[in-house]
$ cat input-v9.cif   # mmCIF, C-alpha atoms
data_structure
#
loop_
_atom_site.label_atom_id
_atom_site.label_comp_id
_atom_site.auth_asym_id
_atom_site.auth_seq_id
_atom_site.Cartn_x
_atom_site.Cartn_y
_atom_site.Cartn_z
CA MET D 168 -5.33 -33.19 15.08
CA GLN D 169 -8.27 -32.92 12.74
CA ARG D 170 -8.59 -30.09 10.27
CA MET D 171 -10.97 -28.09 12.47
CA GLU D 172 -8.61 -28.47 15.43
CA TRP D 173 -5.70 -27.09 13.39
CA LEU D 174 -7.95 -24.20 12.35
CA ALA D 175 -9.06 -23.46 15.92
CA ARG D 176 -5.45 -23.39 17.18
CA LEU D 177 -4.40 -21.17 14.28
CA ASP D 178 -7.20 -18.71 15.02
CA ALA D 179 -6.19 -18.63 18.70
CA LEU D 180 -2.72 -17.18 18.06
CA VAL D 181 -2.02 -14.16 20.26
CA VAL D 182 1.71 -13.45 20.24
CA PHE D 183 2.03 -14.39 16.56
CA ARG D 184 -1.32 -12.90 15.59
CA ASN D 185 0.22 -10.95 12.71
CA LEU D 186 1.01 -14.21 10.90
CA LEU D 187 -2.69 -14.54 10.09
CA ASP D 188 -2.38 -11.45 7.87
CA THR D 189 0.34 -12.97 5.67
CA ALA D 190 -0.59 -14.41 2.28
CA LEU D 191 0.81 -17.80 3.27
CA LEU D 192 -1.24 -18.21 6.45
CA ARG D 193 -4.36 -16.70 4.88
CA ALA D 194 -4.22 -19.35 2.18
CA LEU D 195 -3.61 -22.11 4.71
CA ARG D 196 -6.50 -20.96 6.85
CA ALA D 197 -8.80 -20.98 3.81
CA ALA D 198 -7.75 -24.57 3.08
CA LEU D 199 -8.37 -25.66 6.67
CA ALA D 200 -11.80 -23.99 6.70
CA ALA D 201 -12.91 -25.27 3.28
CA GLU D 202 -15.92 -27.50 2.78
CA GLU D 203 -15.15 -31.03 1.58
CA CYS D 204 -16.34 -30.22 -1.93
CA ASP D 205 -14.01 -27.20 -2.09
CA LEU D 206 -11.00 -28.76 -0.37
CA GLY D 207 -9.03 -29.56 -3.52
CA GLY D 208 -9.22 -26.03 -4.87
CA ALA D 209 -8.42 -24.44 -1.49
CA VAL D 210 -5.38 -26.67 -0.98
CA ALA D 211 -4.21 -25.97 -4.53
CA ALA D 212 -4.48 -22.22 -3.85
CA PHE D 213 -2.40 -22.62 -0.69
CA GLU D 214 0.25 -24.64 -2.50
CA ALA D 215 0.45 -22.04 -5.25
CA VAL D 216 1.34 -19.44 -2.59
CA LEU D 217 3.73 -21.81 -0.79
CA PHE D 218 5.63 -22.99 -3.85
CA VAL D 219 6.56 -19.41 -4.76
CA ARG D 220 8.74 -19.56 -1.63
CA GLY D 221 9.88 -23.16 -2.16
CA THR D 222 8.47 -26.64 -1.76
CA ASN D 223 9.42 -27.03 1.92
CA TRP D 224 6.52 -25.98 4.14
CA THR D 225 8.60 -26.15 7.33
CA ASP D 226 11.15 -23.67 5.99
CA ALA D 227 8.47 -21.28 4.72
CA LEU D 228 6.59 -21.21 8.04
CA LEU D 229 9.78 -20.90 10.08
CA ASP D 230 10.91 -17.94 7.96
CA ALA D 231 7.56 -16.24 8.58
CA VAL D 232 7.85 -16.89 12.34
CA LEU D 233 11.40 -15.51 12.53
CA GLU D 234 10.51 -12.32 10.63
CA ASP D 235 7.26 -11.64 12.49
CA GLU D 236 6.95 -8.34 14.35
CA ASN D 237 5.16 -9.80 17.34
CA LEU D 238 3.92 -8.67 20.72
CA CYS D 239 6.90 -9.98 22.68
CA LEU D 240 9.46 -8.26 20.47
CA ARG D 241 7.63 -4.95 20.51
CA THR D 242 7.24 -5.14 24.28
CA ALA D 243 10.78 -6.16 25.19
CA ALA D 244 12.88 -5.55 22.03
CA GLY D 245 14.27 -9.06 22.19
CA GLY D 246 14.44 -9.37 25.99
CA ASP D 247 12.11 -11.04 28.50
CA ALA D 248 8.52 -9.90 27.96
CA GLY D 249 7.20 -11.12 31.31
CA PRO D 250 5.77 -14.47 32.48
CA VAL D 251 2.37 -14.21 30.77
CA LEU D 252 3.72 -13.38 27.32
CA GLU D 253 6.70 -15.71 27.63
CA LYS D 254 4.41 -18.64 28.46
CA ALA D 255 2.14 -17.74 25.54
CA LEU D 256 5.18 -17.48 23.26
CA ALA D 257 6.40 -20.95 24.24
CA GLY D 258 2.97 -22.51 23.72
CA GLU D 259 2.51 -20.93 20.31
CA LEU D 260 5.98 -22.02 19.20
CA ASP D 261 5.01 -25.58 20.16
CA PHE D 262 1.92 -25.33 17.97
CA LEU D 263 3.72 -23.65 15.05
CA GLN D 264 6.47 -26.27 15.16
CA ALA D 265 3.86 -29.06 14.95
CA LEU D 266 2.10 -27.18 12.15
CA GLY D 267 5.34 -26.69 10.23
CA ARG D 268 6.25 -30.37 10.50
CA ALA D 269 2.84 -31.50 9.22
CA GLY D 270 2.39 -32.80 5.70
CA LEU D 271 -0.64 -32.31 3.50
CA ASP D 272 -2.38 -35.48 4.69
CA ASP D 273 -1.74 -34.51 8.33
CA LEU D 274 -3.44 -31.14 7.90
CA CYS D 275 -6.11 -31.94 5.33
CA HIS D 276 -7.08 -35.60 5.59
CA GLY D 277 -8.81 -36.68 2.42
CA ALA D 278 -7.07 -34.15 0.14
CA PRO D 279 -7.12 -35.37 -3.50
CA GLU D 280 -4.28 -37.72 -4.44
CA TYR D 281 -3.50 -35.74 -7.58
CA LEU D 282 -2.35 -32.72 -5.57
CA PRO D 283 1.42 -32.46 -4.96
CA ARG D 284 2.70 -33.20 -1.46
CA TRP D 285 4.90 -30.50 -0.01
CA GLU D 286 8.18 -31.27 1.74
CA THR D 287 8.75 -30.97 5.49
CA THR D 288 11.68 -31.08 7.93
CA PRO D 289 10.54 -33.41 10.75
CA ASP D 290 13.32 -32.42 13.18
CA ALA D 291 13.01 -28.63 12.76
CA ASP D 292 13.38 -26.90 16.13
CA PHE D 293 11.34 -23.69 16.14
CA HIS D 294 12.26 -22.91 19.75
CA ALA D 295 16.02 -22.99 19.12
CA ALA D 296 15.75 -21.05 15.86
CA TYR D 297 13.55 -18.39 17.46
CA ALA D 298 15.82 -18.06 20.51
CA ALA D 299 18.81 -17.48 18.20
CA ARG D 300 16.95 -14.88 16.15
CA ARG D 301 15.70 -13.17 19.28
CA ALA D 302 19.24 -12.93 20.62
CA ALA D 303 20.36 -11.36 17.34
CA VAL D 304 17.40 -8.98 17.00
CA GLY D 305 19.77 -6.00 17.27
CA GLN D 306 21.39 -7.04 13.98
CA LYS D 307 18.57 -8.74 12.08
CA GLY D 308 15.55 -6.82 13.32
CA TYR D 309 11.98 -8.02 12.92
CA GLY D 310 9.01 -7.42 10.64
CA ILE D 311 9.79 -5.26 7.61
CA PHE D 312 13.16 -4.38 9.17
CA ALA D 313 14.23 -8.03 8.88
CA ARG D 314 13.37 -8.15 5.18
CA HIS D 315 14.59 -4.72 4.04
CA HIS D 316 17.26 -2.21 5.04
CA VAL D 317 16.29 0.91 3.06
CA PHE D 318 13.01 2.77 3.50
CA THR D 319 11.18 5.90 2.43
CA LEU D 320 8.55 7.86 4.34
CA GLU D 321 5.08 8.14 2.83
CA ASP D 322 2.17 9.73 4.70
CA GLY D 323 3.96 9.14 7.98
CA HIS D 324 4.49 5.43 7.32
CA LEU D 325 7.68 3.59 6.44
CA VAL D 326 7.69 1.97 3.00
CA PRO D 327 10.49 -0.49 2.13
CA VAL D 328 12.63 0.10 -0.95
CA ARG D 329 12.61 -3.32 -2.58
CA TYR D 330 15.49 -2.64 -4.96
CA PRO D 331 17.84 -0.15 -3.27
CA ASP D 332 20.93 1.29 -4.93
CA PRO D 333 23.55 -1.50 -4.56
CA GLN D 334 26.43 0.98 -4.18
CA ARG D 335 29.41 -0.37 -2.19
CA LEU D 336 32.19 1.57 -0.48
CA SER D 337 34.82 -0.33 -2.48
CA GLU D 338 33.31 1.10 -5.67
CA LEU D 339 33.89 4.72 -4.58
CA PRO D 340 37.57 5.55 -5.06
CA GLY D 341 39.25 8.85 -4.31
CA TYR D 342 37.53 10.07 -1.14
CA GLU D 343 38.54 7.45 1.41
CA ARG D 344 39.76 10.03 3.94
CA GLU D 345 36.50 11.98 3.87
CA ARG D 346 34.36 8.85 4.08
CA GLU D 347 36.33 7.42 7.00
CA LYS D 348 34.95 10.14 9.29
CA VAL D 349 31.39 9.19 8.36
CA ILE D 350 32.17 5.48 8.69
CA ALA D 351 33.68 6.01 12.15
CA ASN D 352 30.57 7.92 13.26
CA THR D 353 28.37 5.10 11.94
CA ARG D 354 30.40 2.46 13.78
CA ALA D 355 29.97 4.48 16.98
CA LEU D 356 26.20 4.46 16.42
CA LEU D 357 26.19 0.68 15.99
CA GLU D 358 28.28 0.22 19.12
CA GLY D 359 25.99 2.39 21.22
CA LYS D 360 28.57 5.15 21.65
CA PRO D 361 27.91 8.92 21.40
CA THR D 362 27.40 9.97 17.78
CA ASN D 363 26.93 13.14 15.76
CA ASN D 364 24.46 14.20 13.13
CA VAL D 365 26.45 14.54 9.90
CA LEU D 366 26.42 17.11 7.10
CA LEU D 367 28.20 16.06 3.90
CA TYR D 368 28.59 19.14 1.75
CA GLY D 369 30.60 20.09 -1.31
CA ASP D 370 30.67 20.10 -5.08
CA ALA D 371 28.12 18.20 -7.14
CA GLY D 372 29.02 14.69 -8.23
CA THR D 373 31.67 14.09 -5.56
CA GLY D 374 29.90 11.10 -4.00
CA LYS D 375 28.12 12.56 -0.98
CA SER D 376 24.85 10.71 -1.47
CA SER D 377 26.64 7.59 -2.73
CA THR D 378 28.67 7.56 0.49
CA VAL D 379 25.55 7.43 2.67
CA LYS D 380 23.91 4.73 0.52
CA ALA D 381 27.09 2.64 0.45
CA ILE D 382 27.45 2.88 4.24
CA ALA D 383 23.86 1.69 4.63
CA ASN D 384 24.59 -1.33 2.41
CA GLU D 385 27.89 -2.06 4.13
CA PHE D 386 26.54 -2.09 7.68
CA ALA D 387 23.06 -3.53 7.09
CA PRO D 388 24.15 -6.96 8.45
CA ASP D 389 25.24 -5.19 11.67
CA GLY D 390 21.78 -3.75 12.31
CA LEU D 391 21.86 -0.45 10.36
CA ARG D 392 18.78 0.76 8.48
CA LEU D 393 18.43 3.82 6.22
CA ILE D 394 15.29 5.96 5.99
CA GLU D 395 15.22 8.62 3.28
CA VAL D 396 13.25 11.72 4.29
CA LYS D 397 12.29 14.52 1.90
CA LYS D 398 12.66 18.14 2.96
CA ASN D 399 8.90 18.65 3.04
CA GLN D 400 8.58 15.66 5.41
CA LEU D 401 10.82 17.05 8.14
CA TYR D 402 7.85 17.81 10.38
CA GLN D 403 7.13 14.05 10.49
CA ILE D 404 10.56 13.17 11.92
CA PRO D 405 9.77 13.69 15.65
CA ALA D 406 6.91 11.18 15.49
CA LEU D 407 9.09 8.81 13.48
CA MET D 408 11.90 9.05 16.05
CA ASP D 409 9.44 8.24 18.84
CA GLU D 410 8.31 5.20 16.86
CA LEU D 411 11.90 4.00 16.34
CA ALA D 412 13.11 4.68 19.89
CA LYS D 413 12.28 1.19 21.21
CA ASN D 414 13.51 -0.61 18.11
CA PRO D 415 16.76 -2.54 18.75
CA LEU D 416 18.18 -1.56 15.36
CA LYS D 417 20.08 1.64 14.48
CA PHE D 418 18.75 4.15 11.97
CA ILE D 419 20.10 6.85 9.66
CA LEU D 420 17.56 9.48 8.63
CA PHE D 421 18.90 10.55 5.23
CA ILE D 422 18.06 14.01 3.86
CA ASP D 423 19.50 14.44 0.37
CA ASP D 424 20.33 17.75 -1.36
CA LEU D 425 19.31 19.92 1.57
CA SER D 426 18.84 23.69 1.31
CA PHE D 427 16.26 26.24 2.43
CA ALA D 428 14.83 29.55 1.41
CA ALA D 429 15.03 32.16 4.18
CA ASN D 430 11.29 31.94 4.87
CA ASP D 431 11.06 28.14 4.64
CA ASP D 432 9.03 26.64 7.50
CA ASN D 433 11.04 23.42 7.23
CA PHE D 434 14.07 25.33 8.52
CA ALA D 435 12.60 25.53 12.02
CA ALA D 436 11.60 21.85 11.88
CA LEU D 437 15.15 20.71 11.11
CA LYS D 438 16.61 23.07 13.70
CA ALA D 439 14.38 21.50 16.38
CA ILE D 440 15.34 17.99 15.28
CA LEU D 441 19.07 18.72 15.43
CA GLU D 442 18.89 20.53 18.76
CA GLY D 443 16.68 17.91 20.37
CA SER D 444 13.46 18.40 22.27
CA VAL D 445 12.16 17.83 25.77
CA GLY D 446 12.32 14.11 24.96
CA GLY D 447 16.06 14.26 24.30
CA ARG D 448 17.96 12.79 21.39
CA SER D 449 17.23 9.21 20.46
CA HIS D 450 20.10 6.82 21.14
CA ASN D 451 19.53 4.82 17.95
CA VAL D 452 18.81 7.50 15.33
CA VAL D 453 21.10 10.01 13.60
CA VAL D 454 20.54 12.47 10.76
CA TYR D 455 22.83 12.37 7.71
CA ALA D 456 22.24 15.21 5.25
CA THR D 457 23.93 16.16 1.99
CA SER D 458 24.09 19.61 0.45
CA ASN D 459 25.96 21.53 -2.21
CA ARG D 460 25.86 24.58 0.09
CA ARG D 461 27.99 25.15 3.18
CA HIS D 462 25.34 27.54 4.51
CA LEU D 463 22.08 25.69 4.10
CA VAL D 464 19.82 28.75 3.93
CA LYS D 465 19.86 30.68 0.67
CA GLU D 466 20.45 34.37 1.28
CA SER D 467 20.18 37.22 -1.23
CA MET D 468 21.55 40.76 -1.13
CA THR D 469 17.97 41.90 -0.53
CA ASP D 470 17.94 39.83 2.65
CA ARG D 471 21.04 41.67 3.86
CA SER D 472 19.60 45.12 3.17
CA GLY D 473 16.09 44.47 4.48
CA ASP D 474 14.26 46.27 7.29
CA ASP D 475 15.10 43.79 10.07
CA LEU D 476 16.24 45.87 13.08
CA HIS D 477 18.41 42.99 14.25
CA ALA D 478 19.62 41.81 10.86
CA SER D 479 22.94 40.52 12.15
CA ASP D 480 21.18 38.26 14.63
CA THR D 481 18.88 36.96 11.91
CA ARG D 482 21.79 36.26 9.56
CA GLN D 483 23.66 34.50 12.34
CA GLU D 484 20.69 32.25 13.01
CA LEU D 485 20.32 31.38 9.33
CA MET D 486 24.01 30.70 8.85
CA SER D 487 24.38 28.66 12.03
CA LEU D 488 22.09 25.79 10.97
CA SER D 489 24.98 23.84 9.47
CA ALA D 490 26.88 24.26 12.76
CA ARG D 491 24.17 22.26 14.50
CA PHE D 492 25.45 19.18 12.73
CA GLY D 493 28.11 17.79 15.04
CA LEU D 494 30.21 16.54 12.12
CA THR D 495 30.65 18.33 8.80
CA VAL D 496 32.59 16.58 6.03
CA THR D 497 33.66 18.46 2.91
CA PHE D 498 33.75 16.82 -0.53
CA GLN D 499 35.67 19.13 -2.86
CA GLN D 500 36.04 18.88 -6.61
CA PRO D 501 39.06 16.64 -7.29
CA ASP D 502 42.30 18.06 -8.60
CA LYS D 503 43.90 16.41 -11.63
CA GLU D 504 45.96 13.97 -9.58
CA ARG D 505 42.96 12.70 -7.65
CA PHE D 506 40.81 12.59 -10.79
CA ASP D 507 43.41 10.48 -12.60
CA ALA D 508 43.60 8.09 -9.64
CA ILE D 509 39.81 7.73 -9.73
CA LEU D 510 39.94 7.00 -13.47
CA LEU D 511 42.56 4.28 -12.96
CA GLU D 512 40.62 2.53 -10.20
CA LEU D 513 37.30 2.69 -12.05
CA ALA D 514 38.96 1.38 -15.21
CA ARG D 515 40.24 -1.58 -13.19
CA GLN D 516 36.80 -2.22 -11.71
CA TYR D 517 35.10 -2.15 -15.10
CA GLY D 518 37.84 -4.11 -16.90
CA VAL D 519 38.68 -1.25 -19.27
CA GLN D 520 41.99 -1.88 -21.03
CA MET D 521 43.67 1.39 -22.09
CA PRO D 522 47.16 2.84 -21.57
CA SER D 523 47.07 5.18 -18.58
CA ASP D 524 48.36 8.19 -20.52
CA GLN D 525 45.55 7.87 -23.07
CA LEU D 526 43.04 7.27 -20.28
CA PHE D 527 44.10 10.49 -18.54
CA ILE D 528 44.04 12.60 -21.72
CA LYS D 529 40.65 11.32 -22.89
CA GLY D 530 39.25 11.49 -19.37
CA SER D 531 40.31 15.11 -18.96
CA ALA D 532 38.80 16.03 -22.32
CA PHE D 533 35.54 14.30 -21.36
CA ALA D 534 35.48 16.16 -18.03
CA LEU D 535 36.04 19.47 -19.79
CA ARG D 536 33.05 18.84 -22.05
CA ALA D 537 30.98 17.68 -19.04
CA GLY D 538 31.61 20.89 -17.11
CA GLY D 539 34.42 19.86 -14.78
CA ARG D 540 36.11 16.99 -12.97
CA SER D 541 34.14 14.87 -10.50
CA PRO D 542 33.83 11.20 -9.55
CA ARG D 543 30.43 11.16 -11.26
CA VAL D 544 31.95 12.38 -14.52
CA ALA D 545 34.77 9.84 -14.19
CA LYS D 546 32.27 7.03 -13.75
CA GLN D 547 30.23 8.19 -16.76
CA PHE D 548 33.40 8.23 -18.86
CA ILE D 549 34.51 4.76 -17.79
CA GLU D 550 31.02 3.30 -18.26
CA MET D 551 30.96 4.63 -21.82
CA LEU D 552 34.34 3.02 -22.50
CA ALA D 553 33.14 -0.26 -20.96
CA GLY D 554 30.03 -0.13 -23.12
CA GLY D 555 32.09 0.29 -26.28
CA ILE D 556 30.88 3.84 -26.90
CA LYS D 557 33.37 6.07 -28.68
CA VAL D 558 34.28 9.11 -26.57
#
$ encode --input "input-v9.cif" --output "structure tokens"
Amino acid sequence: MQRMEWLARLDALVVFRNLLDTALLRALRAALAAEECDLGGAVAAFEAVLFVRGTNWTDALLDAVLEDENLCLRTAAGGDAGPVLEKALAGELDFLQALGRAGLDDLCHGAPEYLPRWETTPDADFHAAYAARRAAVGQKGYGIFARHHVFTLEDGHLVPVRYPDPQRLSELPGYEREREKVIANTRALLEGKPTNNVLLYGDAGTGKSSTVKAIANEFAPDGLRLIEVKKNQLYQIPALMDELAKNPLKFILFIDDLSFAANDDNFAALKAILEGSVGGRSHNVVVYATSNRRHLVKESMTDRSGDDLHASDTRQELMSLSARFGLTVTFQQPDKERFDAILLELARQYGVQMPSDQLFIKGSAFALRAGGRSPRVAKQFIEMLAGGIKV
């Protein structure tokens, strides 16, 4: 094909239309559309974008194709999208495969000799690779969900966290029994079984938030994604759940450090989310929340002695919010035996060499100065030892 033919076929993409919005394909399109006098500069600009990803054009284009959130996937979540779209999909994969196998001189005949020639893989099979990815869409996802596994919510839109906390479950000693309940619930979610919304509550620094983040990291390859939602964003969750309902992946909506004032409007929003609505609970979304309070609504003595004629009913409603979580897991401040075990394991992980009796004595003294024993305090102590800081 001539350059203008390549350009015309590229502009005619329907199923993979979103590819035209990527930096890679925008640069390629500019090179294909360039006047002869501008061809060298346009090709150089394309290669500058390509070579950031590697020197193999086939691999770069195939990666973009496999991660694309396209019309077929949105329509059928990895299944058959119907004869019209399936035929269009097959035709566009034929074109993209030919495009990905093409070298510089195939695409831009007459390109200057001094420009580098990118590499290609002549036997790359886009159809087979796409069929495999489509079959595994429940684990790998598509679009931004294929590239990231942790997200935040901003103005109603999901924003990927490019450098999420790398916390792993193996790095969190001391609370294996508590975490196992949350892990089992997460496995049930991934397997399509009935699941519960989860409240992790207890003393500060006991690893509640770290548990949720570590679970997200652990099960990301199995199709789990984490979306952190702030308390003042709770009203956005119903629309978000509708948006995620057709997605083949599984999602944890993570609300950290949750508590409410008695007159907080967000209280009613969370209550509605946990109880479900006329649309029913989504099969692929659960809420995991952490709190230092067993009763999530702060209540003062004034609240108890107010002028509410049905005060007991009001108090019951406020106190029952935590009961709407199907699973509540308590993380209590560790006793000395558990704290010492945490110190030993963290010392092993960080390569700290110190007799255990000295480690326990110094660790206890550090915890006393820090305000009490907790896994967070233990980690701070061990990190200071590992860094050579005198404690």
$ closest_residue --input "input-v9.cif" --among "D:Thr497, D:Asn185, D:Thr319, D:Thr222" --to "Gly369 of chain D" --atoms "all atoms listed in the file"
D:Thr497
$ resolve_selection --input "input-v9.cif" --expression "the PyMOL selection byres ((chain D and resi 398) around 12)" --output "list in words"
Leu320, Glu395, Val396, Lys397, Asn399, Gln400, Leu401, Tyr402, Gln403, Ile404, Leu420, Phe421, Ile422, Asp423, Asp424, Leu425, Ser426, Phe427, Ala428, Asp431, Asp432, Asn433, Phe434, Ala435, Ala436, Leu437, Ala456, Thr457 and Ser458 of chain D
$ resolve_selection --input "input-v9.cif" --expression "the PyMOL selection byres ((chain D and resi 385) around 10)" --output "list in words"
Pro333, Gln334, Arg335, Leu336, Ser337, Ile350, Val379, Lys380, Ala381, Ile382, Ala383, Asn384, Phe386, Ala387, Pro388, Asp389 and Leu391 of chain D
$ resolve_selection --input "input-v9.cif" --expression "the PyMOL selection byres ((chain D and resi 238) around 10)" --output "list of chain:residue names"
D:Val181, D:Val182, D:Phe183, D:Arg184, D:Asn185, D:Asp235, D:Glu236, D:Asn237, D:Cys239, D:Leu240, D:Arg241, D:Thr242, D:Ala243, D:Ala244, D:Ala248, D:Leu252, D:Leu256
$ atom_distance --input "input-v9.cif" --atom1 "atom CA of Leu260 of chain D" --atom2 "atom CA of Ala303 of chain D"
18.0 Å
$ atom_distance --input "input-v9.cif" --atom1 "atom CA of Phe492 of chain D" --atom2 "atom CA of Glu343 of chain D"
20.9 Å
$ closest_residue --input "input-v9.cif" --among "D:Phe312, D:Tyr517, D:Phe218, D:Trp173" --to "Val328 of chain D" --atoms "all atoms listed in the file"
D:Phe312
$ closest_residue --input "input-v9.cif" --among "D:Asp273, D:Asp322, D:Asp261, D:Glu512" --to "Phe293 of chain D" --atoms "all atoms listed in the file"
D:Asp261
$ atom_distance --input "input-v9.cif" --atom1 "atom CA of Leu174 of chain D" --atom2 "atom CA of Ala255 of chain D"
17.8 Å
$ closest_residue --input "input-v9.cif" --among "D:Ala227, D:Val496, D:Leu191, D:Leu206" --to "Tyr342 of chain D" --atoms "only C-alpha atoms"
D:Val496
$ closest_residue --input "input-v9.cif" --among "D:Val558, D:Ala412, D:Leu325, D:Ala355" --to "Phe533 of chain D" --atoms "only C-alpha atoms"
D:Val558
$ residues_around --input "input-v9.cif" --residues "Tyr309 of chain D" --least-positions-apart "2" --cutoff "12 Å" --atoms "all atoms listed in the file" --output "PDB file with C-alpha atoms, in the frame of the given file"
ATOM      1  CA  ASP D 230      10.910 -17.940   7.960  1.00  0.00           C
ATOM      2  CA  ALA D 231       7.560 -16.240   8.580  1.00  0.00           C
ATOM      3  CA  VAL D 232       7.850 -16.890  12.340  1.00  0.00           C
ATOM      4  CA  LEU D 233      11.400 -15.510  12.530  1.00  0.00           C
ATOM      5  CA  GLU D 234      10.510 -12.320  10.630  1.00  0.00           C
ATOM      6  CA  ASP D 235       7.260 -11.640  12.490  1.00  0.00           C
ATOM      7  CA  GLU D 236       6.950  -8.340  14.350  1.00  0.00           C
ATOM      8  CA  ASN D 237       5.160  -9.800  17.340  1.00  0.00           C
ATOM      9  CA  LEU D 238       3.920  -8.670  20.720  1.00  0.00           C
ATOM     10  CA  CYS D 239       6.900  -9.980  22.680  1.00  0.00           C
ATOM     11  CA  LEU D 240       9.460  -8.260  20.470  1.00  0.00           C
ATOM     12  CA  ARG D 241       7.630  -4.950  20.510  1.00  0.00           C
ATOM     13  CA  ALA D 244      12.880  -5.550  22.030  1.00  0.00           C
ATOM     14  CA  GLY D 245      14.270  -9.060  22.190  1.00  0.00           C
ATOM     15  CA  TYR D 297      13.550 -18.390  17.460  1.00  0.00           C
ATOM     16  CA  ARG D 300      16.950 -14.880  16.150  1.00  0.00           C
ATOM     17  CA  ARG D 301      15.700 -13.170  19.280  1.00  0.00           C
ATOM     18  CA  ALA D 302      19.240 -12.930  20.620  1.00  0.00           C
ATOM     19  CA  ALA D 303      20.360 -11.360  17.340  1.00  0.00           C
ATOM     20  CA  VAL D 304      17.400  -8.980  17.000  1.00  0.00           C
ATOM     21  CA  GLY D 305      19.770  -6.000  17.270  1.00  0.00           C
ATOM     22  CA  GLN D 306      21.390  -7.040  13.980  1.00  0.00           C
ATOM     23  CA  LYS D 307      18.570  -8.740  12.080  1.00  0.00           C
ATOM     24  CA  ILE D 311       9.790  -5.260   7.610  1.00  0.00           C
ATOM     25  CA  PHE D 312      13.160  -4.380   9.170  1.00  0.00           C
ATOM     26  CA  ALA D 313      14.230  -8.030   8.880  1.00  0.00           C
ATOM     27  CA  ARG D 314      13.370  -8.150   5.180  1.00  0.00           C
ATOM     28  CA  HIS D 315      14.590  -4.720   4.040  1.00  0.00           C
ATOM     29  CA  HIS D 316      17.260  -2.210   5.040  1.00  0.00           C
ATOM     30  CA  GLY D 390      21.780  -3.750  12.310  1.00  0.00           C
ATOM     31  CA  ARG D 392      18.780   0.760   8.480  1.00  0.00           C
ATOM     32  CA  ASN D 414      13.510  -0.610  18.110  1.00  0.00           C
ATOM     33  CA  PRO D 415      16.760  -2.540  18.750  1.00  0.00           C
ATOM     34  CA  LEU D 416      18.180  -1.560  15.360  1.00  0.00           C
TER      35      LEU D 416
END
$ closest_residue --input "input-v9.cif" --among "D:Ala295, D:Leu407, D:Leu552, D:Val544" --to "Gln264 of chain D" --atoms "only C-alpha atoms"
D:Ala295
$ axis_aligned_box --input "input-v9.cif" --around "segment 221-225 of chain D" --padding-each-side "3 Å" --output "lines of an AutoDock Vina configuration file"
center_x = 8.2
center_y = -25.1
center_z = 2.6
size_x = 9.4
size_y = 9.9
size_z = 15.5
$ build_atoms --input "input-v9.cif" --residues "segment 372-381 of chain D" --atoms "N, CA, C and O atoms" --output "PDB file, in the coordinates of the input"
ATOM      1  N   GLY D 372      28.403  15.843  -7.592  1.00  0.00           N
ATOM      2  CA  GLY D 372      29.020  14.690  -8.230  1.00  0.00           C
ATOM      3  C   GLY D 372      30.231  14.127  -7.521  1.00  0.00           C
ATOM      4  O   GLY D 372      30.950  13.296  -8.075  1.00  0.00           O
ATOM      5  N   THR D 373      30.478  14.553  -6.276  1.00  0.00           N
ATOM      6  CA  THR D 373      31.670  14.090  -5.560  1.00  0.00           C
ATOM      7  C   THR D 373      31.403  12.873  -4.680  1.00  0.00           C
ATOM      8  O   THR D 373      32.304  12.409  -3.982  1.00  0.00           O
ATOM      9  N   GLY D 374      30.173  12.351  -4.703  1.00  0.00           N
ATOM     10  CA  GLY D 374      29.900  11.100  -4.000  1.00  0.00           C
ATOM     11  C   GLY D 374      29.329  11.245  -2.619  1.00  0.00           C
ATOM     12  O   GLY D 374      29.429  10.317  -1.815  1.00  0.00           O
ATOM     13  N   LYS D 375      28.687  12.367  -2.321  1.00  0.00           N
ATOM     14  CA  LYS D 375      28.120  12.560  -0.980  1.00  0.00           C
ATOM     15  C   LYS D 375      26.963  11.596  -0.729  1.00  0.00           C
ATOM     16  O   LYS D 375      26.957  10.862   0.261  1.00  0.00           O
ATOM     17  N   SER D 376      26.000  11.603  -1.631  1.00  0.00           N
ATOM     18  CA  SER D 376      24.850  10.710  -1.470  1.00  0.00           C
ATOM     19  C   SER D 376      25.272   9.246  -1.603  1.00  0.00           C
ATOM     20  O   SER D 376      24.787   8.380  -0.850  1.00  0.00           O
ATOM     21  N   SER D 377      26.167   8.968  -2.544  1.00  0.00           N
ATOM     22  CA  SER D 377      26.640   7.590  -2.730  1.00  0.00           C
ATOM     23  C   SER D 377      27.323   7.072  -1.475  1.00  0.00           C
ATOM     24  O   SER D 377      27.231   5.884  -1.147  1.00  0.00           O
ATOM     25  N   THR D 378      28.014   7.962  -0.759  1.00  0.00           N
ATOM     26  CA  THR D 378      28.670   7.560   0.490  1.00  0.00           C
ATOM     27  C   THR D 378      27.659   7.073   1.507  1.00  0.00           C
ATOM     28  O   THR D 378      27.846   6.018   2.133  1.00  0.00           O
ATOM     29  N   VAL D 379      26.571   7.816   1.682  1.00  0.00           N
ATOM     30  CA  VAL D 379      25.550   7.430   2.670  1.00  0.00           C
ATOM     31  C   VAL D 379      24.895   6.113   2.262  1.00  0.00           C
ATOM     32  O   VAL D 379      24.701   5.213   3.092  1.00  0.00           O
ATOM     33  N   LYS D 380      24.559   5.962   0.982  1.00  0.00           N
ATOM     34  CA  LYS D 380      23.910   4.730   0.520  1.00  0.00           C
ATOM     35  C   LYS D 380      24.852   3.535   0.661  1.00  0.00           C
ATOM     36  O   LYS D 380      24.426   2.433   1.054  1.00  0.00           O
ATOM     37  N   ALA D 381      26.128   3.730   0.336  1.00  0.00           N
ATOM     38  CA  ALA D 381      27.090   2.640   0.450  1.00  0.00           C
ATOM     39  C   ALA D 381      27.301   2.228   1.900  1.00  0.00           C
ATOM     40  O   ALA D 381      27.443   1.034   2.211  1.00  0.00           O
TER      41      ALA D 381
END
